[in-house]
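Coordinates as given in query09.cif (mmCIF, C-alpha atoms and all ligand atoms):
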```
data_model
#
loop_
_atom_site.label_atom_id
_atom_site.label_comp_id
_atom_site.auth_asym_id
_atom_site.auth_seq_id
_atom_site.Cartn_x
_atom_site.Cartn_y
_atom_site.Cartn_z
CA MET N 48 130.22 116.28 57.68
CA ARG N 49 129.65 112.74 58.95
CA CYS N 50 132.07 111.59 61.66
CA GLU N 51 133.76 108.21 61.09
CA CYS N 52 131.47 106.88 63.87
CA GLY N 53 128.53 107.61 61.54
CA LYS N 54 127.06 110.60 63.41
CA ARG N 55 126.50 114.06 61.95
CA PRO N 56 126.73 117.37 63.86
CA LEU N 57 123.41 118.77 65.09
CA ASP N 58 123.52 121.88 62.90
CA ILE N 59 124.10 119.80 59.74
CA VAL N 60 121.17 117.53 60.66
CA MET N 61 118.94 120.54 61.39
CA SER N 62 119.94 122.13 58.05
CA HIS N 63 118.94 118.93 56.27
CA ILE N 64 115.57 119.04 58.10
CA LEU N 65 115.03 122.72 57.30
CA LYS N 66 115.79 122.07 53.60
CA LEU N 67 112.96 119.51 53.46
CA MET N 68 110.65 121.90 55.32
CA ILE N 69 111.39 124.61 52.72
CA GLU N 70 110.81 122.16 49.83
CA GLU N 71 107.43 121.18 51.32
CA GLY N 72 106.40 124.83 51.86
CA ILE N 73 106.21 124.51 55.67
CA VAL N 74 108.54 127.53 55.92
CA GLY N 75 109.58 130.15 53.36
CA GLY N 76 112.71 130.03 51.21
CA ASP N 77 114.37 132.60 53.48
CA ALA N 78 113.97 130.39 56.59
CA THR N 79 116.95 130.19 58.94
CA LEU N 80 118.02 127.69 61.59
CA ARG N 81 117.77 130.37 64.25
CA ARG N 82 114.19 131.40 63.44
CA ASN N 83 112.55 128.35 61.88
CA SER N 84 114.05 125.15 63.31
CA PRO N 85 111.69 122.65 64.84
CA VAL N 86 112.47 121.84 68.48
CA PRO N 87 114.88 118.89 68.51
CA LEU N 88 114.22 116.65 71.50
CA SER N 89 117.00 114.27 72.30
CA GLY N 90 119.58 113.48 74.99
CA PHE N 91 121.84 116.39 74.08
CA TYR N 92 118.98 118.79 74.75
CA TYR N 93 119.29 118.19 78.46
CA SER N 94 123.03 118.47 78.88
CA SER N 95 125.41 120.78 77.10
CA LEU N 96 128.27 118.54 78.24
CA ASN N 97 127.34 115.86 75.72
CA PRO N 98 128.92 116.30 72.28
CA GLN N 99 126.27 117.52 69.90
CA PHE N 100 126.68 114.76 67.35
CA ILE N 101 123.49 112.96 66.52
CA GLY N 102 123.18 109.21 65.95
CA ARG N 103 120.74 107.42 63.67
CA ASN N 104 117.13 107.17 64.76
CA THR N 105 117.50 109.35 67.86
CA LEU N 106 115.92 112.71 67.14
CA ILE N 107 112.33 113.62 68.01
CA LEU N 108 111.13 116.78 66.24
CA LEU N 109 108.38 119.14 67.35
CA TYR N 110 106.88 121.93 65.24
CA PRO N 111 103.38 123.46 65.08
CA ASP N 112 103.05 123.43 61.27
CA PHE N 113 104.32 119.96 60.42
CA THR N 114 102.14 117.98 57.99
CA LYS N 115 101.86 114.23 57.29
CA THR N 116 103.78 114.70 54.03
CA VAL N 117 106.77 116.47 55.53
CA ALA N 118 106.74 114.05 58.47
CA SER N 119 106.98 111.09 56.14
CA ARG N 120 109.85 112.71 54.18
CA LEU N 121 111.71 113.56 57.42
CA ILE N 122 111.46 109.98 58.65
CA ASN N 123 112.48 108.48 55.30
CA GLU N 124 115.20 110.93 54.23
CA VAL N 125 116.88 112.15 57.43
CA PRO N 126 118.40 109.09 59.12
CA GLU N 127 118.71 110.78 62.54
CA VAL N 128 114.94 111.46 62.85
CA LYS N 129 112.98 108.84 64.79
CA CYS N 130 109.70 110.69 65.41
CA VAL N 131 107.83 113.77 64.16
CA LEU N 132 105.41 115.51 66.53
CA LYS N 133 103.00 118.35 65.79
CA GLY N 134 102.52 120.97 68.50
CA THR N 135 103.98 123.99 70.25
CA PRO N 136 106.70 123.57 72.88
CA GLN N 137 104.95 126.09 75.15
CA SER N 138 101.84 123.87 75.58
CA THR N 139 101.59 122.06 78.87
CA ILE N 140 101.36 118.43 77.82
CA GLY N 141 99.87 115.94 80.27
CA GLN N 142 97.36 117.00 82.93
CA TYR N 143 97.99 120.54 84.16
CA ASP N 144 95.92 120.34 87.37
CA LYS N 145 92.93 118.56 88.92
CA ASP N 146 90.44 120.50 86.77
CA SER N 147 92.19 119.99 83.40
CA ASP N 148 91.95 117.43 80.61
CA ILE N 149 94.95 115.37 79.47
CA ILE N 150 96.64 116.92 76.42
CA HIS N 151 99.07 115.25 73.96
CA PHE N 152 101.34 116.31 71.12
CA GLU N 153 100.12 114.67 67.88
CA ILE N 154 102.40 111.89 66.57
CA LEU N 155 102.63 112.31 62.78
CA GLU N 156 105.28 109.61 62.19
CA GLY N 157 107.61 107.35 64.14
CA ASP N 158 108.19 106.22 67.71
CA ASP N 159 108.06 108.87 70.45
CA GLU N 160 109.81 106.91 73.19
CA GLN N 161 112.78 108.76 74.62
CA ILE N 162 115.30 107.54 77.17
CA ASN N 163 117.30 109.98 79.29
CA VAL N 164 120.22 108.92 81.45
CA MET N 165 120.75 111.51 84.18
CA ARG N 166 123.88 111.95 86.21
CA THR N 167 123.21 112.61 89.89
CA LEU N 168 125.14 113.55 93.02
CA LEU N 169 124.77 109.92 94.16
CA GLN N 170 126.77 106.96 92.80
CA ASP N 171 123.82 105.88 90.66
CA LYS N 172 122.52 107.38 87.48
CA ILE N 173 118.75 107.66 87.02
CA ILE N 174 117.17 106.46 83.80
CA LEU N 175 113.90 108.00 82.68
CA VAL N 176 111.85 106.52 79.87
CA LYS N 177 109.03 108.62 78.49
CA LYS N 178 106.61 108.83 75.60
CA GLN N 179 107.41 112.34 74.43
CA SER N 180 103.94 112.94 72.93
CA LYS N 181 102.45 112.60 76.43
CA HIS N 182 105.02 114.54 78.37
CA HIS N 183 105.69 118.16 79.16
CA ILE N 184 109.01 119.60 77.93
CA GLU N 185 111.04 120.91 80.85
CA VAL N 186 112.99 124.00 79.85
CA ALA N 187 113.16 126.47 82.74
CA MET N 188 114.47 123.85 85.15
CA THR N 189 115.67 120.52 83.81
CA CYS N 190 115.08 117.29 85.66
CA GLU N 191 118.81 117.07 86.52
CA GLU N 192 118.59 120.49 88.18
CA LYS N 193 115.54 119.41 90.18
CA LEU N 194 117.45 116.38 91.47
CA ILE N 195 120.35 118.58 92.56
CA ARG N 196 117.95 120.92 94.40
CA LEU N 197 116.31 117.98 96.14
CA HIS N 198 119.71 116.54 97.09
CA ASN N 199 120.86 119.85 98.58
CA TYR N 200 117.59 120.28 100.47
CA LEU N 201 117.97 116.83 102.06
CA ASP N 202 121.65 117.38 102.91
CA ASN N 203 121.12 120.89 104.31
CA ASN N 204 118.19 119.83 106.49
CA ASN N 205 119.78 116.57 107.57
CA ILE N 206 116.85 114.52 106.30
CA ARG N 207 118.31 111.11 105.52
CA ASN N 208 115.61 108.43 105.58
CA GLY N 209 112.04 107.55 106.55
CA VAL N 210 108.86 107.59 104.49
CA ALA N 211 108.40 110.13 101.70
CA VAL N 212 105.63 111.10 99.27
CA ASP N 213 106.28 112.20 95.69
CA GLY N 214 102.86 113.82 95.46
CA MET N 215 102.80 114.77 91.74
CA CYS N 216 105.34 112.20 90.61
CA GLY N 217 105.00 112.18 86.80
CA LEU N 218 107.73 109.83 85.54
CA GLY N 219 108.91 109.38 89.12
CA ALA N 220 112.37 110.99 88.97
CA LEU N 221 112.17 112.63 92.42
CA GLY N 222 110.71 109.61 94.22
CA ILE N 223 113.19 107.26 92.55
CA TYR N 224 115.94 109.60 93.73
CA LEU N 225 114.57 109.50 97.28
CA LYS N 226 114.70 105.70 97.23
CA LYS N 227 118.29 105.78 96.03
CA TYR N 228 119.12 108.46 98.63
CA GLY N 229 118.06 106.16 101.47
CA PHE N 230 114.31 106.47 102.13
CA GLU N 231 112.82 103.15 103.26
CA LYS N 232 109.50 103.83 101.57
CA VAL N 233 108.30 106.23 98.89
CA ILE N 234 104.64 106.82 98.09
CA PHE N 235 104.24 107.81 94.45
CA ASN N 236 101.10 109.64 93.37
CA ASP N 237 99.97 111.30 90.16
CA ILE N 238 96.53 112.28 88.89
CA ASN N 239 97.30 111.25 85.28
CA PRO N 240 97.03 107.47 84.68
CA GLU N 241 99.46 107.72 81.76
CA MET N 242 102.15 108.95 84.17
CA ILE N 243 101.47 105.99 86.46
CA GLU N 244 102.10 103.63 83.53
CA ALA N 245 105.38 105.42 82.79
CA LEU N 246 106.30 105.40 86.49
CA LYS N 247 105.98 101.60 86.65
CA VAL N 248 108.40 101.24 83.71
CA ASN N 249 110.85 103.64 85.34
CA LEU N 250 110.75 101.88 88.71
CA GLU N 251 111.61 98.62 87.02
CA ILE N 252 114.34 100.06 84.83
CA ASN N 253 115.95 101.73 87.87
CA ASN N 254 115.89 98.41 89.79
CA ILE N 255 113.37 99.50 92.42
CA SER N 256 111.27 96.47 93.25
CA ASP N 257 110.07 97.12 96.81
CA GLY N 258 109.58 99.84 99.41
CA PHE N 259 107.01 101.84 97.46
CA GLU N 260 103.27 102.39 97.01
CA ILE N 261 101.53 103.88 94.00
CA TYR N 262 98.37 106.00 93.95
CA ASN N 263 96.58 107.48 90.96
CA GLN N 264 94.55 110.37 92.35
CA SER N 265 94.42 114.07 92.90
CA PHE N 266 96.99 115.01 95.57
CA GLU N 267 94.35 117.18 97.23
CA GLU N 268 92.36 113.99 97.94
CA LEU N 269 95.23 111.66 98.84
CA ASN N 270 94.45 109.88 102.08
CA ILE N 271 97.59 108.51 103.76
CA ASP N 272 99.21 108.38 107.21
CA LYS N 273 101.67 111.09 108.25
CA VAL N 274 105.08 110.82 106.53
CA ASP N 275 108.55 112.36 107.03
CA LEU N 276 108.80 114.21 103.73
CA CYS N 277 106.50 115.37 100.95
CA VAL N 278 107.92 116.52 97.62
CA ILE N 279 105.74 118.58 95.28
CA ASP N 280 106.65 119.27 91.66
CA ALA N 281 103.66 120.90 89.96
CA PHE N 282 103.59 122.43 86.48
CA PRO N 283 104.69 126.08 86.35
CA GLY N 284 101.82 128.47 87.17
CA VAL N 285 99.58 125.97 89.01
CA ASN N 286 97.87 127.44 92.08
CA LEU N 287 99.58 125.66 94.98
CA ASP N 288 97.57 127.01 97.94
CA GLU N 289 95.46 123.89 98.52
CA ILE N 290 98.33 121.56 97.61
CA ILE N 291 100.77 123.13 100.10
CA LYS N 292 98.13 123.11 102.84
CA LYS N 293 97.58 119.41 102.24
CA ALA N 294 101.33 118.66 102.10
CA GLU N 295 101.87 120.39 105.45
CA ILE N 296 99.16 118.25 107.03
CA ILE N 297 100.57 114.92 105.82
CA ALA N 298 104.33 115.56 106.18
CA ASP N 299 106.82 116.85 108.74
CA ASN N 300 108.95 118.33 105.95
CA VAL N 301 107.65 119.78 102.69
CA PHE N 302 109.83 120.46 99.67
CA ILE N 303 108.29 122.40 96.79
CA ILE N 304 110.33 122.37 93.57
C1 LIG E 1 105.98 118.93 86.51
S1 LIG E 1 105.16 117.40 86.42
C2 LIG E 1 106.05 116.39 87.54
C3 LIG E 1 107.34 115.88 86.93
C4 LIG E 1 107.97 114.79 87.75
N1 LIG E 1 108.73 115.31 88.87
C5 LIG E 1 108.79 113.83 86.91
O1 LIG E 1 109.82 113.35 87.38
O2 LIG E 1 108.38 113.52 85.78
C6 LIG E 1 103.66 117.69 87.30
C7 LIG E 1 102.80 116.45 87.49
O3 LIG E 1 101.70 116.79 88.32
C8 LIG E 1 100.61 115.95 87.95
N2 LIG E 1 99.41 116.58 88.51
C9 LIG E 1 98.76 117.69 88.10
N3 LIG E 1 97.78 118.01 88.97
C10 LIG E 1 97.79 117.08 89.95
C11 LIG E 1 97.03 116.89 91.14
N4 LIG E 1 96.06 117.72 91.47
N5 LIG E 1 97.34 115.82 91.92
C12 LIG E 1 98.33 114.96 91.58
N6 LIG E 1 99.09 115.09 90.47
C13 LIG E 1 98.83 116.15 89.66
C14 LIG E 1 100.69 115.89 86.46
O4 LIG E 1 100.03 114.77 85.95
C15 LIG E 1 102.21 115.85 86.23
O5 LIG E 1 102.66 114.53 86.07
#
```

As structure tokens:
Amino acid sequence: MRCECGKRPLDIVMSHILKLMIEEGIVGGDATLRRNSPVPLSGFYYSSLNPQFIGRNTLILLYPDFTKTVASRLINEVPEVKCVLKGTPQSTIGQYDKDSDIIHFEILEGDDEQINVMRTLLQDKIILVKKQSKHHIEVAMTCEEKLIRLHNYLDNNNIRNGVAVDGMCGLGALGIYLKKYGFEKVIFNDINPEMIEALKVNLEINNISDGFEIYNQSFEELNIDKVDLCVIDAFPGVNLDEIIKKAEIIADNVFII
């Protein structure tokens, strides 16, 4: 089932993976792709418009019951697999709120760096590099959808430029978008130092070299002058009362994703 370009269809690759999982006793002999597939994390996951053919060394797999042995077989025998992670997709990876610890998926084998190229409503694409073991999986609303919401909010409210804060910036997608949209300055802030490291990579890779500040603290304690816009993108379920109160003090316009 390999295309002449060398790629195999996703379902063939996942069948190959499931076969190894059955052989290693991770799942029973009656396992099916629908019920027992690990979560495949790769570019196609974010956009159904991309053809679902998988290239070599591109697929990051996540499953709660993976072992070192199956991870090593997956890396060595399935050419598309680049990394095997242990964990459940429902866990909130990273730092949930100001009172939480930082949580990771466990890397059993391979390299967990993933690069996503996102189309936007602007001329530019946005490139996001992330270490998947340290980063939450966005399912309910993808990052592309968040950028469209932000774009529509700015257009509908005629907010075109000024100074903005991306108060819980993570990889920096929203703040980078604001810079590309026309804001003179964006203040990036995140409580998790690992996100700040990732943010710096993403600023560079998206050619943003000036007109920004970076803070690594709890948004509730961020001490800055009044700005034109504050964007807040917290993890689902986080209590936003204090955060919204703070955002309304520091910004004329507040956009909560
Ligand atoms: C849903 S993610 C943001 C995703 C981000 N828009 C992106 O482009 O990657 C939520 C972020 O809030 C951060 N966070 C959690 N509690 C925070 C707090 N009290 N103050 C600042 N950042 C916080 C987390 O570290 C995480 O990066």

Can you pull out every residue with an atom within 9 Å of ligand LIG 1 (chain E)? Use only C-alpha atoms and all ligand atoms and format it as a PDB file with C-alpha atoms, in the frame of the given file.
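selection_33.pdb written:
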```
ATOM      1  CA  ILE N 140     101.360 118.430  77.820  1.00  0.00           C
ATOM      2  CA  GLY N 141      99.870 115.940  80.270  1.00  0.00           C
ATOM      3  CA  GLN N 142      97.360 117.000  82.930  1.00  0.00           C
ATOM      4  CA  TYR N 143      97.990 120.540  84.160  1.00  0.00           C
ATOM      5  CA  ASP N 144      95.920 120.340  87.370  1.00  0.00           C
ATOM      6  CA  LYS N 145      92.930 118.560  88.920  1.00  0.00           C
ATOM      7  CA  ASP N 146      90.440 120.500  86.770  1.00  0.00           C
ATOM      8  CA  SER N 147      92.190 119.990  83.400  1.00  0.00           C
ATOM      9  CA  ILE N 149      94.950 115.370  79.470  1.00  0.00           C
ATOM     10  CA  LEU N 175     113.900 108.000  82.680  1.00  0.00           C
ATOM     11  CA  LYS N 177     109.030 108.620  78.490  1.00  0.00           C
ATOM     12  CA  HIS N 182     105.020 114.540  78.370  1.00  0.00           C
ATOM     13  CA  HIS N 183     105.690 118.160  79.160  1.00  0.00           C
ATOM     14  CA  GLU N 185     111.040 120.910  80.850  1.00  0.00           C
ATOM     15  CA  CYS N 190     115.080 117.290  85.660  1.00  0.00           C
ATOM     16  CA  LYS N 193     115.540 119.410  90.180  1.00  0.00           C
ATOM     17  CA  ASP N 213     106.280 112.200  95.690  1.00  0.00           C
ATOM     18  CA  GLY N 214     102.860 113.820  95.460  1.00  0.00           C
ATOM     19  CA  MET N 215     102.800 114.770  91.740  1.00  0.00           C
ATOM     20  CA  CYS N 216     105.340 112.200  90.610  1.00  0.00           C
ATOM     21  CA  GLY N 217     105.000 112.180  86.800  1.00  0.00           C
ATOM     22  CA  LEU N 218     107.730 109.830  85.540  1.00  0.00           C
ATOM     23  CA  GLY N 219     108.910 109.380  89.120  1.00  0.00           C
ATOM     24  CA  ALA N 220     112.370 110.990  88.970  1.00  0.00           C
ATOM     25  CA  LEU N 221     112.170 112.630  92.420  1.00  0.00           C
ATOM     26  CA  GLY N 222     110.710 109.610  94.220  1.00  0.00           C
ATOM     27  CA  ILE N 223     113.190 107.260  92.550  1.00  0.00           C
ATOM     28  CA  ASN N 236     101.100 109.640  93.370  1.00  0.00           C
ATOM     29  CA  ASP N 237      99.970 111.300  90.160  1.00  0.00           C
ATOM     30  CA  ILE N 238      96.530 112.280  88.890  1.00  0.00           C
ATOM     31  CA  ASN N 239      97.300 111.250  85.280  1.00  0.00           C
ATOM     32  CA  PRO N 240      97.030 107.470  84.680  1.00  0.00           C
ATOM     33  CA  GLU N 241      99.460 107.720  81.760  1.00  0.00           C
ATOM     34  CA  MET N 242     102.150 108.950  84.170  1.00  0.00           C
ATOM     35  CA  ILE N 243     101.470 105.990  86.460  1.00  0.00           C
ATOM     36  CA  LEU N 246     106.300 105.400  86.490  1.00  0.00           C
ATOM     37  CA  ASN N 263      96.580 107.480  90.960  1.00  0.00           C
ATOM     38  CA  GLN N 264      94.550 110.370  92.350  1.00  0.00           C
ATOM     39  CA  SER N 265      94.420 114.070  92.900  1.00  0.00           C
ATOM     40  CA  PHE N 266      96.990 115.010  95.570  1.00  0.00           C
ATOM     41  CA  GLU N 267      94.350 117.180  97.230  1.00  0.00           C
ATOM     42  CA  GLU N 268      92.360 113.990  97.940  1.00  0.00           C
ATOM     43  CA  LEU N 269      95.230 111.660  98.840  1.00  0.00           C
ATOM     44  CA  VAL N 278     107.920 116.520  97.620  1.00  0.00           C
ATOM     45  CA  ILE N 279     105.740 118.580  95.280  1.00  0.00           C
ATOM     46  CA  ASP N 280     106.650 119.270  91.660  1.00  0.00           C
ATOM     47  CA  ALA N 281     103.660 120.900  89.960  1.00  0.00           C
ATOM     48  CA  PHE N 282     103.590 122.430  86.480  1.00  0.00           C
ATOM     49  CA  PRO N 283     104.690 126.080  86.350  1.00  0.00           C
ATOM     50  CA  VAL N 285      99.580 125.970  89.010  1.00  0.00           C
ATOM     51  CA  ILE N 290      98.330 121.560  97.610  1.00  0.00           C
ATOM     52  CA  ILE N 304     110.330 122.370  93.570  1.00  0.00           C
TER      53      ILE N 304
END
```

Near-N:Thr79 list (10 Å; only C-alpha atoms; drop same-chain fewer than 5 positions) as a list in words: Ser62, Leu65, Lys66, Val74 and Ser84 of chain N

Contact check, stretch 139-181 of chain N to stretch 113-117 of chain N, at most 10 Å, counting only C-alpha atoms, closest pairs as a Markdown table:
```
| residue | atom | partner | partner_atom | distance |
| --- | --- | --- | --- | --- |
| N:Ile154 | CA | N:Lys115 | CA | 9.6 |
| N:Leu155 | CA | N:Lys115 | CA | 5.9 |
| N:Glu156 | CA | N:Lys115 | CA | 7.6 |
```

Put those residues in a file: C-alpha atoms, as a CSV table (one decimal), in the frame of the given file.
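Contents of selection-v3.csv, freshly written:
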```csv
chain,number,residue,atom,x,y,z
N,154,ILE,CA,102.4,111.9,66.6
N,155,LEU,CA,102.6,112.3,62.8
N,156,GLU,CA,105.3,109.6,62.2
```

Exercise: N:Phe100 partners within 7 Å, all atoms listed in the file, chain neighbours under 4 positions left out, as a PyMOL selection string: chain N and resi 54-57

Neighbour list for stretch 162-165 of chain N as number ranges by chain, cut-off 7 Å, all atoms listed in the file, skip fewer than 5 positions in-chain: N: 90, 172-177, 191

Once you have the residues from the selection above, write them out as a PDB file, keeping the file's coordinate frame, restricted to C-alpha atoms.
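Generated file (part.pdb):
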```pdb
ATOM      1  CA  GLY N  90     119.580 113.480  74.990  1.00  0.00           C
ATOM      2  CA  LYS N 172     122.520 107.380  87.480  1.00  0.00           C
ATOM      3  CA  ILE N 173     118.750 107.660  87.020  1.00  0.00           C
ATOM      4  CA  ILE N 174     117.170 106.460  83.800  1.00  0.00           C
ATOM      5  CA  LEU N 175     113.900 108.000  82.680  1.00  0.00           C
ATOM      6  CA  VAL N 176     111.850 106.520  79.870  1.00  0.00           C
ATOM      7  CA  LYS N 177     109.030 108.620  78.490  1.00  0.00           C
ATOM      8  CA  GLU N 191     118.810 117.070  86.520  1.00  0.00           C
TER       9      GLU N 191
END
```

Selection: 12 Å around N:Asp257, only C-alpha atoms, excl. self and same-chain fewer than 6 positions, as a list in words: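 With the cut-off at 12 Å, the set is Ile223, Lys226, Lys227, Phe230, Glu231, Lys232, Val233, Ile234, Lys247, Leu250 and Glu251 of chain N.
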
Nearest candidate to N:Pro87 (options N:Val131, N:Cys50, N:Ala118, N:Ile296; using all atoms listed in the file):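 Going through N:Val131, N:Cys50, N:Ala118, N:Ile296 one by one, the smallest distance to N:Pro87 is for N:Val131.
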
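For the atom pair formed by atom CA of N:Ala211 and atom CA of N:Gln161, the distance is 27.5 Å, given to one decimal.
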
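We find atom CA of N:Arg207 and atom CA of N:Asp275 to be spaced 10.0 Å apart.
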
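Between atom CA of N:His63 and atom CA of N:Glu51 there is a distance of 18.9 Å.
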